[in-house]
$ cat target_4.txt   # compact mmCIF, C-alpha atoms (C1' of nucleotides)
# COMPACT_ATOMS: atom_id res chain seq x y z
CA MET A 10 -3.96 7.79 -21.48
CA ALA A 11 -2.70 4.49 -20.07
CA GLU A 12 -3.27 1.54 -22.33
CA TYR A 13 -3.99 -2.07 -21.44
CA LYS A 14 -4.37 -5.39 -23.16
CA GLN A 15 -7.79 -7.03 -23.08
CA VAL A 16 -6.48 -10.43 -22.04
CA HIS A 17 -9.93 -11.98 -21.75
CA SER A 18 -13.57 -11.01 -21.31
CA PHE A 19 -15.29 -10.84 -17.94
CA ASP A 20 -18.45 -12.65 -18.96
CA LEU A 21 -17.41 -16.01 -17.55
CA GLN A 22 -18.46 -19.03 -15.54
CA ILE A 23 -16.46 -20.03 -12.45
CA SER A 24 -14.97 -23.00 -14.28
CA GLN A 25 -13.68 -20.69 -16.99
CA MET A 26 -12.30 -18.25 -14.44
CA LYS A 27 -10.40 -21.04 -12.73
CA LYS A 28 -8.96 -22.19 -16.06
CA ILE A 29 -7.82 -18.64 -16.87
CA GLN A 30 -6.17 -18.35 -13.47
CA TYR A 31 -4.15 -21.51 -14.00
CA GLU A 32 -3.15 -20.43 -17.49
CA LEU A 33 -2.02 -16.96 -16.49
CA ALA A 34 -0.35 -18.23 -13.31
CA SER A 35 1.94 -20.37 -15.43
CA LYS A 36 3.13 -17.19 -17.13
CA VAL A 37 3.89 -15.22 -13.98
CA GLU A 38 7.51 -14.10 -13.88
CA ILE A 39 8.89 -13.58 -10.41
CA GLY A 40 12.33 -12.08 -9.97
CA GLY A 41 14.48 -9.85 -12.07
CA LYS A 42 15.70 -6.40 -11.33
CA ILE A 43 13.38 -3.51 -12.11
CA ARG A 44 14.62 0.02 -12.22
CA THR A 45 13.71 2.14 -9.24
CA PRO A 46 10.27 3.57 -10.05
CA SER A 47 9.76 7.28 -10.47
CA ILE A 48 6.02 6.80 -10.21
CA ILE A 49 4.29 4.18 -8.08
CA GLY A 50 0.59 3.44 -8.46
CA GLY A 51 -2.03 2.40 -5.94
CA VAL A 52 -5.35 0.67 -6.65
CA ASP A 53 -8.55 0.18 -4.69
CA VAL A 54 -12.15 -0.64 -5.53
CA SER A 55 -15.11 0.15 -3.28
CA PHE A 56 -18.80 -0.51 -3.70
CA MET A 57 -22.07 1.36 -3.39
CA GLY A 58 -25.07 -0.75 -4.16
CA GLU A 59 -24.61 -2.25 -7.61
CA LYS A 60 -21.84 0.13 -8.55
CA ALA A 61 -18.12 -0.58 -8.25
CA VAL A 62 -15.88 2.47 -7.91
CA GLY A 63 -12.34 1.94 -9.13
CA ILE A 64 -9.48 4.19 -8.09
CA VAL A 65 -5.93 4.56 -9.38
CA VAL A 66 -3.54 6.96 -7.67
CA CYS A 67 -0.09 7.90 -8.94
CA LEU A 68 2.52 8.95 -6.41
CA ALA A 69 5.99 10.28 -7.11
CA PHE A 70 8.64 7.90 -5.82
CA PRO A 71 10.28 8.01 -3.37
CA SER A 72 8.77 11.32 -2.26
CA LEU A 73 5.28 9.74 -2.26
CA GLU A 74 3.68 13.03 -3.30
CA LEU A 75 0.35 12.69 -5.09
CA ILE A 76 0.75 13.34 -8.81
CA GLU A 77 -2.62 12.24 -10.15
CA TYR A 78 -5.62 10.05 -9.53
CA SER A 79 -8.57 8.81 -11.53
CA TYR A 80 -11.76 6.95 -10.82
CA SER A 81 -14.44 5.02 -12.64
CA SER A 82 -17.87 3.68 -11.86
CA VAL A 83 -19.09 0.46 -13.40
CA GLU A 84 -21.96 -1.93 -12.85
CA VAL A 85 -21.04 -4.80 -10.53
CA SER A 86 -20.70 -7.92 -12.65
CA MET A 87 -20.42 -10.67 -10.08
CA PRO A 88 -20.53 -11.29 -6.33
CA TYR A 89 -17.46 -11.58 -4.15
CA ILE A 90 -16.20 -15.14 -4.18
CA PRO A 91 -12.98 -15.89 -2.26
CA GLY A 92 -10.29 -16.68 -4.80
CA TYR A 93 -12.01 -14.81 -7.63
CA LEU A 94 -11.74 -11.23 -6.46
CA ALA A 95 -10.03 -10.10 -9.66
CA PHE A 96 -13.03 -10.94 -11.81
CA ARG A 97 -15.18 -8.68 -9.64
CA GLU A 98 -12.79 -5.75 -9.29
CA LEU A 99 -10.63 -5.58 -12.41
CA PRO A 100 -13.29 -4.07 -14.69
CA ALA A 101 -13.57 -1.00 -12.45
CA PHE A 102 -9.80 -0.77 -12.10
CA LEU A 103 -9.17 -0.98 -15.85
CA LYS A 104 -11.70 1.73 -16.62
CA ALA A 105 -9.93 4.04 -14.17
CA TRP A 106 -6.54 2.98 -15.48
CA GLU A 107 -7.34 4.24 -19.00
CA LYS A 108 -7.80 7.73 -17.62
CA ILE A 109 -4.32 7.90 -16.10
CA LYS A 110 -1.81 10.12 -17.87
CA ASN A 111 1.24 9.51 -15.67
CA VAL A 112 1.65 5.77 -16.12
CA PRO A 113 3.11 4.14 -12.97
CA ASP A 114 6.29 2.07 -13.23
CA VAL A 115 4.98 -0.37 -10.64
CA VAL A 116 1.50 -0.79 -9.17
CA MET A 117 0.32 -1.88 -5.72
CA PHE A 118 -3.04 -3.60 -5.27
CA ASP A 119 -5.36 -3.99 -2.33
CA GLY A 120 -5.29 -7.79 -2.28
CA HIS A 121 -2.82 -10.61 -2.88
CA GLY A 122 -0.45 -11.46 -5.69
CA VAL A 123 0.82 -15.04 -5.89
CA ALA A 124 -0.20 -15.74 -2.28
CA HIS A 125 -3.32 -17.28 -3.76
CA PRO A 126 -4.76 -20.84 -4.07
CA ARG A 127 -3.94 -20.91 -7.78
CA ARG A 128 -1.04 -18.45 -7.63
CA LEU A 129 -3.00 -15.67 -9.31
CA GLY A 130 -4.40 -13.09 -6.94
CA ILE A 131 -5.66 -9.76 -8.27
CA ALA A 132 -2.22 -8.14 -8.33
CA SER A 133 -0.77 -10.92 -10.50
CA HIS A 134 -3.87 -11.03 -12.67
CA ALA A 135 -3.89 -7.28 -13.32
CA SER A 136 -0.29 -7.33 -14.49
CA PHE A 137 -1.24 -9.20 -17.64
CA PHE A 138 -3.61 -6.41 -18.62
CA ILE A 139 -1.43 -3.40 -17.81
CA GLU A 140 1.84 -5.16 -18.63
CA ARG A 141 3.70 -3.69 -15.70
CA PRO A 142 5.26 -4.94 -12.44
CA THR A 143 2.70 -5.35 -9.66
CA ILE A 144 2.71 -5.97 -5.92
CA GLY A 145 -0.04 -7.44 -3.77
CA ILE A 146 -0.75 -5.91 -0.36
CA GLY A 147 -3.22 -8.01 1.59
CA LYS A 148 -4.79 -6.95 4.89
CA SER A 149 -5.67 -10.52 5.85
CA LEU A 150 -4.40 -13.91 4.73
CA LEU A 151 -6.26 -15.80 2.03
CA TYR A 152 -3.86 -18.64 1.45
CA GLY A 153 -0.62 -19.91 2.91
CA ILE A 154 1.01 -20.68 6.22
CA THR A 155 2.84 -18.05 8.22
CA VAL A 156 3.86 -17.13 11.73
CA GLU A 157 2.60 -13.81 12.98
CA PRO A 158 5.61 -11.45 13.06
CA ALA A 159 6.51 -9.52 16.19
CA LYS A 160 4.58 -6.27 16.46
CA GLU A 161 7.63 -4.16 15.78
CA LYS A 162 7.94 -2.10 12.60
CA PHE A 163 9.22 -4.15 9.65
CA SER A 164 9.42 -7.37 11.65
CA GLN A 165 8.57 -10.13 9.17
CA ASN A 166 8.06 -13.85 8.54
CA PRO A 167 7.64 -15.80 5.27
CA ILE A 168 4.32 -17.07 3.97
CA TYR A 169 4.64 -20.68 2.81
CA ASP A 170 2.43 -22.56 0.42
CA ASN A 171 -0.17 -24.65 2.23
CA VAL A 172 0.82 -27.62 0.13
CA TYR A 173 4.56 -27.37 -0.15
CA THR A 174 4.66 -30.31 -2.49
CA LYS A 175 2.59 -28.39 -5.01
CA HIS A 176 5.39 -25.99 -5.96
CA PRO A 177 8.51 -27.46 -4.31
CA ASN A 178 10.82 -24.98 -6.01
CA ASP A 179 9.24 -21.91 -4.52
CA SER A 180 7.34 -22.63 -1.34
CA ILE A 181 7.71 -19.07 -0.11
CA ILE A 182 4.85 -17.14 -1.68
CA GLY A 183 4.99 -13.91 0.27
CA MET A 184 5.93 -12.17 3.47
CA SER A 185 3.92 -11.27 6.55
CA MET A 186 5.17 -7.94 7.82
CA CYS A 187 4.40 -5.62 10.67
CA SER A 188 4.09 -2.24 8.94
CA LYS A 189 3.23 -0.28 12.06
CA GLU A 190 4.04 -1.14 15.63
CA LYS A 191 1.27 -2.77 17.64
CA THR A 192 -1.00 -3.45 14.68
CA LYS A 193 -1.89 -6.55 12.70
CA PRO A 194 0.53 -7.38 9.90
CA ILE A 195 0.07 -6.81 6.17
CA TYR A 196 0.78 -9.56 3.67
CA ILE A 197 3.11 -8.72 0.81
CA SER A 198 3.38 -10.93 -2.26
CA CYS A 199 4.67 -10.57 -5.80
CA GLY A 200 2.10 -9.73 -8.39
CA ASN A 201 4.26 -10.23 -11.45
CA LEU A 202 7.50 -9.05 -13.05
CA ILE A 203 9.19 -8.34 -9.73
CA SER A 204 11.07 -10.19 -7.00
CA LEU A 205 9.75 -10.61 -3.48
CA GLU A 206 12.80 -8.76 -2.17
CA GLU A 207 12.04 -5.80 -4.39
CA ALA A 208 8.34 -5.92 -3.54
CA ILE A 209 9.19 -5.78 0.15
CA LYS A 210 11.69 -2.99 -0.33
CA LEU A 211 9.28 -0.81 -2.29
CA SER A 212 6.56 -1.53 0.25
CA GLN A 213 8.77 -0.46 3.12
CA MET A 214 9.80 2.69 1.28
CA SER A 215 6.11 3.47 0.77
CA ILE A 216 5.17 3.11 4.41
CA THR A 217 5.11 6.25 6.52
CA LYS A 218 3.18 6.44 9.77
CA TYR A 219 0.29 4.18 8.85
CA ARG A 220 -0.35 0.48 8.56
CA LEU A 221 -0.90 0.53 4.80
CA PRO A 222 1.67 1.77 2.28
CA GLU A 223 0.77 5.17 0.82
CA PRO A 224 -0.31 3.99 -2.66
CA THR A 225 -2.96 1.63 -1.31
CA ARG A 226 -3.86 3.88 1.59
CA TYR A 227 -4.39 6.86 -0.68
CA ALA A 228 -6.41 4.84 -3.15
CA HIS A 229 -8.72 3.68 -0.40
CA LEU A 230 -9.09 7.19 0.96
CA TYR A 231 -10.05 8.51 -2.47
CA SER A 232 -12.47 5.70 -3.16
CA GLN A 233 -14.40 6.59 -0.03
CA LYS A 234 -14.24 10.28 -0.88
CA VAL A 235 -15.34 9.80 -4.48
CA LYS A 236 -18.25 7.63 -3.44
CA LYS A 237 -19.73 10.44 -1.36
CA GLU A 238 -19.18 12.98 -4.09
CA ILE A 239 -20.97 11.02 -6.78
CA SER A 240 -23.73 9.56 -4.61
C1' DG B 30 -18.17 -34.34 4.67
C1' DC B 31 -15.96 -30.18 7.34
C1' DG B 32 -13.69 -25.90 7.71
C1' DA B 33 -11.45 -21.79 5.42
C1' DC B 34 -12.29 -18.10 2.67
C1' DA B 35 -8.30 -11.34 -0.39
C1' DG B 36 -12.19 -7.31 -0.80
C1' DA C 26 -16.60 -4.67 0.83
C1' DT C 27 -20.74 -2.68 3.68
C1' DC C 28 -24.13 -1.50 7.67
C1' DT C 29 -22.37 2.48 11.73
C1' DT C 30 -20.98 6.13 17.16
C1' DG C 31 -18.88 6.09 20.57
C1' DT C 32 -15.26 4.32 22.93
C1' DC C 33 -11.30 1.46 25.09
C1' DG C 34 -6.37 1.05 24.53
C1' DC C 35 -1.72 2.13 23.03

$ encode --input "target_4.txt" --output "structure tokens"
Amino acid sequence: MAEYKQVHSFDLQISQMKKIQYELASKVEIGGKIRTPSIIGGVDVSFMGEKAVGIVVCLAFPSLELIEYSYSSVEVSMPYIPGYLAFRELPAFLKAWEKIKNVPDVVMFDGHGVAHPRRLGIASHASFFIERPTIGIGKSLLYGITVEPAKEKFSQNPIYDNVYTKHPNDSIIGMSMCSKEKTKPIYISCGNLISLEEAIKLSQMSITKYRLPEPTRYAHLYSQKVKKEIS
DNA sequence: GCGACAG
DNA sequence: ATCTTGTCGC
């Protein structure tokens, strides 16, 4: 069973959530070389009424064959508020994470990493609980400035901080990338414990014939499937 | 005050 | 995210 650290509770007020985000963001470690993963994880959370269904899939890397997947169902604790997605989805994710036997070496999330107003999107946030490298894969931009890349596979452009004076040493917070010709781009950003170069490389190696990389794509597929089975 | 706003 | 079938375009 995969373990995780209970970094903080989820019974919080927005002001407390914001404070936690700033505190954890200051501890994010971008860069460093990680060993090529043998198992890559994918996470997605879907909803049905007041229930949140969390999914974790484990794929062999680089073959991308499905090894295992788990799911959980928890009561929704708060509404969706832009910038605070993690507080709504992490409880479901963590409950599914504990059921995983083949612990992933790196995990991809459906949402952003440091490409976030306070540098702590769900991918970065989750890393402090599972203590593993994470990557954020966004389907739309939440924060940052970027130029839409050409619609050719793997064409890409950097995502810069809206306020470049806020973090002058690292204004590039992610990469906009065309993952499939003639489709809208995906937004890759570091979650934690990984470099943007590595995050992009692993993302590209996880992309086959679809817009989303297999870990996230599979997780989403299963979340929809599981919802019907348990409804 | 106004507009933006992951999933 | 979710409500929802067929349909236009690559």

$ interface_residues --input "target_4.txt" --of "chain A" --to "chain C" --cutoff "12 Å" --atoms "only C-alpha atoms (C1' of nucleotides)" --output "ChimeraX atom specification"
/A:53-62,88-90,94,97-98,119,190-192,229,232-233

$ closest_atom_pairs --input "target_4.txt" --of "chain B" --to "chain A" --cutoff "7 Å" --atoms "only C-alpha atoms (C1' of nucleotides)" --output "tab-separated table"
residue	atom	partner	partner_atom	distance
B:DC34	C1'	A:Pro91	CA	5.4
B:DA35	C1'	A:Gly120	CA	5.0
B:DG36	C1'	A:Leu94	CA	6.9

$ atom_distance --input "target_4.txt" --atom1 "atom CA of A:Phe138" --atom2 "atom CA of A:Ser180"
26.1 Å

$ closest_residue --input "target_4.txt" --among "A:Ser81, A:Ser185, A:Gln165, A:Ser198" --to "A:Leu129" --atoms "only C-alpha atoms"
A:Ser198

$ atom_distance --input "target_4.txt" --atom1 "atom CA of A:Phe118" --atom2 "atom CA of A:Ile195"
12.3 Å

$ closest_residue --input "target_4.txt" --among "A:Val116, A:Val66, A:Leu21, A:Met186" --to "A:Ala159" --atoms "all atoms listed in the file"
A:Met186

$ atom_distance --input "target_4.txt" --atom1 "atom CA of A:Arg141" --atom2 "atom CA of A:Ile43"
10.3 Å

$ residues_around --input "target_4.txt" --residues "A:Lys110" --least-positions-apart "5" --cutoff "12 Å" --atoms "only C-alpha atoms (C1' of nucleotides)" --output "PyMOL selection string"
chain A and resi 10-12+48+50+65-67+76-79+105

$ residues_near_point --input "target_4.txt" --point "(3.2, -15.7, -19.4)" --cutoff "12 Å" --atoms "only C-alpha atoms (C1' of nucleotides)" --output "VMD selection string"
chain A and resid 16 29 to 39 129 133 to 134 136 to 138 140 201 to 202

$ residues_near_point --input "target_4.txt" --point "(7.0, -4.0, 0.6)" --cutoff "10 Å" --atoms "only C-alpha atoms (C1' of nucleotides)" --output "JSON, numbers by chain"
{"A": [117, 144, 145, 146, 163, 184, 185, 186, 188, 195, 196, 197, 198, 199, 205, 206, 207, 208, 209, 210, 211, 212, 213, 214, 215, 216, 222]}

$ residues_around --input "target_4.txt" --residues "A:Phe70" --least-positions-apart "2" --cutoff "8 Å" --atoms "all atoms listed in the file" --output "ChimeraX atom specification"
/A:46-49,68,72-74

$ write_last_selection --input "target_4.txt" --atoms "C-alpha atoms" --output "short mmCIF file (atom, residue, chain, number, x, y, z; two decimals), keeping the file's coordinate frame"
data_model
loop_
_atom_site.label_atom_id
_atom_site.label_comp_id
_atom_site.auth_asym_id
_atom_site.auth_seq_id
_atom_site.Cartn_x
_atom_site.Cartn_y
_atom_site.Cartn_z
CA PRO A 46 10.27 3.57 -10.05
CA SER A 47 9.76 7.28 -10.47
CA ILE A 48 6.02 6.80 -10.21
CA ILE A 49 4.29 4.18 -8.08
CA LEU A 68 2.52 8.95 -6.41
CA SER A 72 8.77 11.32 -2.26
CA LEU A 73 5.28 9.74 -2.26
CA GLU A 74 3.68 13.03 -3.30
#

$ decode --input "target_4.txt" --residues "chain B" --atoms "N, CA, C and O atoms (P, O5', C5', C4', C3', O3' and C1' of nucleotides)" --output "PDB file, in the first residue's frame"
ATOM      1  P    DG B  30     -15.498  48.864  -5.129  1.00  0.00           P
ATOM      2  O5'  DG B  30     -15.297  48.909  -6.714  1.00  0.00           O
ATOM      3  C5'  DG B  30     -15.854  50.035  -7.379  1.00  0.00           C
ATOM      4  C4'  DG B  30     -15.638  49.872  -8.860  1.00  0.00           C
ATOM      5  C3'  DG B  30     -16.120  48.524  -9.404  1.00  0.00           C
ATOM      6  O3'  DG B  30     -16.715  48.698 -10.692  1.00  0.00           O
ATOM      7  C1'  DG B  30     -13.794  48.737  -9.778  1.00  0.00           C
ATOM      8  P    DC B  31     -17.075  47.351 -11.501  1.00  0.00           P
ATOM      9  O5'  DC B  31     -15.725  47.025 -12.274  1.00  0.00           O
ATOM     10  C5'  DC B  31     -15.301  47.856 -13.336  1.00  0.00           C
ATOM     11  C4'  DC B  31     -14.636  47.012 -14.411  1.00  0.00           C
ATOM     12  C3'  DC B  31     -15.346  45.676 -14.631  1.00  0.00           C
ATOM     13  O3'  DC B  31     -15.342  45.325 -16.010  1.00  0.00           O
ATOM     14  C1'  DC B  31     -13.137  45.290 -13.895  1.00  0.00           C
ATOM     15  P    DG B  32     -15.934  43.860 -16.421  1.00  0.00           P
ATOM     16  O5'  DG B  32     -14.626  43.000 -16.726  1.00  0.00           O
ATOM     17  C5'  DG B  32     -13.578  43.549 -17.510  1.00  0.00           C
ATOM     18  C4'  DG B  32     -12.489  42.525 -17.668  1.00  0.00           C
ATOM     19  C3'  DG B  32     -12.998  41.117 -17.975  1.00  0.00           C
ATOM     20  O3'  DG B  32     -12.096  40.475 -18.871  1.00  0.00           O
ATOM     21  C1'  DG B  32     -11.800  41.085 -15.949  1.00  0.00           C
ATOM     22  P    DA B  33     -12.509  39.045 -19.502  1.00  0.00           P
ATOM     23  O5'  DA B  33     -11.289  38.094 -19.091  1.00  0.00           O
ATOM     24  C5'  DA B  33     -10.602  38.325 -17.884  1.00  0.00           C
ATOM     25  C4'  DA B  33      -9.582  37.262 -17.658  1.00  0.00           C
ATOM     26  C3'  DA B  33     -10.112  35.821 -17.799  1.00  0.00           C
ATOM     27  O3'  DA B  33      -9.070  34.933 -18.195  1.00  0.00           O
ATOM     28  C1'  DA B  33      -9.715  36.328 -15.503  1.00  0.00           C
ATOM     29  P    DC B  34      -9.490  33.437 -18.621  1.00  0.00           P
ATOM     30  O5'  DC B  34      -9.576  32.645 -17.236  1.00  0.00           O
ATOM     31  C5'  DC B  34      -8.403  32.407 -16.504  1.00  0.00           C
ATOM     32  C4'  DC B  34      -8.765  31.740 -15.198  1.00  0.00           C
ATOM     33  C3'  DC B  34      -9.833  30.638 -15.304  1.00  0.00           C
ATOM     34  O3'  DC B  34      -9.400  29.473 -14.606  1.00  0.00           O
ATOM     35  C1'  DC B  34     -10.355  32.116 -13.570  1.00  0.00           C
ATOM     36  P    DA B  35     -10.036  28.035 -14.982  1.00  0.00           P
ATOM     37  O5'  DA B  35      -8.857  26.989 -14.806  1.00  0.00           O
ATOM     38  C5'  DA B  35      -7.869  26.862 -15.806  1.00  0.00           C
ATOM     39  C4'  DA B  35      -7.136  25.566 -15.615  1.00  0.00           C
ATOM     40  C3'  DA B  35      -8.033  24.331 -15.575  1.00  0.00           C
ATOM     41  O3'  DA B  35      -7.302  23.247 -16.125  1.00  0.00           O
ATOM     42  C1'  DA B  35      -6.840  24.458 -13.587  1.00  0.00           C
ATOM     43  P    DG B  36      -8.072  22.144 -16.915  1.00  0.00           P
ATOM     44  O5'  DG B  36      -8.833  21.295 -15.813  1.00  0.00           O
ATOM     45  C5'  DG B  36      -8.065  20.685 -14.783  1.00  0.00           C
ATOM     46  C4'  DG B  36      -9.007  20.045 -13.757  1.00  0.00           C
ATOM     47  C3'  DG B  36     -10.082  19.194 -14.394  1.00  0.00           C
ATOM     48  O3'  DG B  36     -10.052  17.860 -13.922  1.00  0.00           O
ATOM     49  C1'  DG B  36     -11.070  20.831 -12.938  1.00  0.00           C
TER      50       DG B  36
END
